Amino acid sequence: MNQDEPPNDSSWEQIVPPDVAGTADQANWYFNHVRQTIPRFAGQGSASHARNLSYFTSSAPELTTTLWLRVGSARSTAITYALTGSREKIREEKARWRAVLTSALDSFRADGAPEHDWAAILIPKAAQLARWIGPLRAWPDRLDAPVGVGPMTLVSLPTWVTQPHSHPDDSSVMLGVGYWPLLVTGTAPGYFRAGALQAAARHLLRLQWLLTLVTARTWQRGTQPCLMEAEGHKSAFTAQWLDRMTAWSLQEQFPAPDAVDLALPHWLTTAWGKSVASRRYSNALNAYGHAFGYFTEEATSDAGARFAAVIEAVTGTRTPSQAEKTTAEHLLTAAAPDTLTESEAIEAAKDILMYALRSETVHTGQLHGPESLGGMSLGMFSADGDPSHTHHMMTGVLQHLCRDILIHNLGGPTNDPSSILQKLEAIREGWMSVGPPLPV
């Protein structure tokens, strides 16, 4: 085997279990321990064609082969190793290299990452608020007191912000969108500054999706996470952001409304823990957050595909039949006794999940909702039943169902599906709704 070429696929063996060094920050620091552990460390480099392959050499006479480490793969975050050199030397030196890597792993595990303070701003997504009329574009919800979620604390800032945003259908019309921003502070582990910021960004994204789930509003970042590295940095960070946000000149200014308590549910802490512990729940939460954004901006074809992914992620399946079965079982379990038969639940699940339309979107690119007209609603009752608007309404039913299923699986209450089934029946009978989407 050529010592300068990466090993073939059959040569690799695991040395660091999955998720022990599952981030770039952790892998880089493990490599630091490897360098310190290799006797008479000579050098390190990387393969030109694969950025996750690195090699290490030693000038020690007992380690003449080249050590290769591979960080992660499409299916795992494990770190694997292999050697290149003559077959005889590989057999002779393999146990020595493995002892070096095991020792490096032990010292890495004992060397925990330091915690870094950080802060960021979250705001309701302006693009969604801009679809409403007049005062409805002002969101009055505000936290009465700080709330802890995972390693973070949320506080509503006392300054009311009116943010400009162009009208979704006419960019020449600048609208005011009002809200109280949320200041999010927390700690994140990181061996390097970039690693701490990446950890903070992951925490903040999970929080965004959980807030979207419990408030039925998409939350976006007013700022990316910023490390708080000096006393008084948080106050300066907040003041500077507010100065920039309140410097806009708008013809339309919303006065601060009477605040409505933003009451976050008690099970939010449980939901955080479950989404961290389970990759399936974490994936389902990501899918829901993105799908909700698509839905409320009337990109319902993509939203429908991602909402179906929520069900698949929760159940751990990739088959429509299993997702439909899980959905039907949820409807039967959540419904009041003797109000829904098994056959009715299965039929409802098939209609709501719309797998045939989802397949057309994913595999052929066909659009079914208002995005097929560039987001413009038809504005009249059509002889063909206005299928794009019907799809939009049905995706709203799917959103409601996915929200209920995800809340139930993350430790929240089981909600009666009667309103979902009533909306489904109304769509079947040809009723139409007008106006912007109404997520619930």
# chains A, B, ... in the order shown; residues from 1 in each chain; ligands from 1
>>> residues_around(residues="Glu92 in chain A", least_positions_apart="3", cutoff="12 Å", atoms="only C-alpha atoms", output="VMD selection string")
chain A and resid 62 to 65 83 85 to 89 95 to 98
>>> write_last_selection(atoms="C-alpha atoms", output="PDB file, in the first residue's frame")
ATOM      1  CA  GLU A  62       8.909   2.084  16.170  1.00  0.00           C
ATOM      2  CA  LEU A  63       6.281   4.098  14.204  1.00  0.00           C
ATOM      3  CA  THR A  64       7.344   4.213  10.559  1.00  0.00           C
ATOM      4  CA  THR A  65       3.868   3.810   9.014  1.00  0.00           C
ATOM      5  CA  LEU A  83      -2.467   2.814   8.464  1.00  0.00           C
ATOM      6  CA  GLY A  85       2.936   1.476   4.588  1.00  0.00           C
ATOM      7  CA  SER A  86       4.203  -2.000   3.937  1.00  0.00           C
ATOM      8  CA  ARG A  87       1.934  -4.835   5.030  1.00  0.00           C
ATOM      9  CA  GLU A  88       4.627  -6.183   7.318  1.00  0.00           C
ATOM     10  CA  LYS A  89       5.101  -2.814   9.064  1.00  0.00           C
ATOM     11  CA  ALA A  95      -1.090  -2.190  18.198  1.00  0.00           C
ATOM     12  CA  ARG A  96       1.314   0.664  18.956  1.00  0.00           C
ATOM     13  CA  TRP A  97      -0.731   3.181  16.989  1.00  0.00           C
ATOM     14  CA  ARG A  98      -3.947   1.959  18.584  1.00  0.00           C
TER      15      ARG A  98
END
>>> closest_atom_pairs(of="range 254-320 of chain A", to="range 162-186 of chain A", cutoff="10 Å", atoms="only C-alpha atoms", output="tab-separated table")
residue	atom	partner	partner_atom	distance
A:Phe254	CA	A:Thr162	CA	6.4
A:Pro255	CA	A:Thr162	CA	8.4
A:Ala256	CA	A:Gly178	CA	7.9
A:Pro257	CA	A:Tyr179	CA	9.3
A:Ala259	CA	A:Trp180	CA	9.1
A:Glu297	CA	A:Pro168	CA	8.9
>>> residues_around(residues="range 74-82 of chain A", least_positions_apart="3", cutoff="10 Å", atoms="only C-alpha atoms", output="PyMOL selection string")
chain A and resi 6-23+27+30+52-55+66-71+90+94+97-98+101
>>> select_by_dssp(residues="range 102-237 of chain A", states="strand (DSSP E or B)", output="VMD selection string")
chain A and resid 115 to 124 138 141 to 142 147 to 149 152 to 156 161 to 167 170 to 179 182 to 189 219 to 221 226 to 227
>>> select_by_dssp(residues="range 327-369 of chain A", states="alpha helix (DSSP H)", output="PyMOL selection string")
chain A and resi 327-334+342-353+355-364
>>> closest_residue(among="A:Leu205, A:Thr57, A:Ala110, A:Thr218", to="Lys125 in chain A", atoms="only C-alpha atoms")
A:Thr218
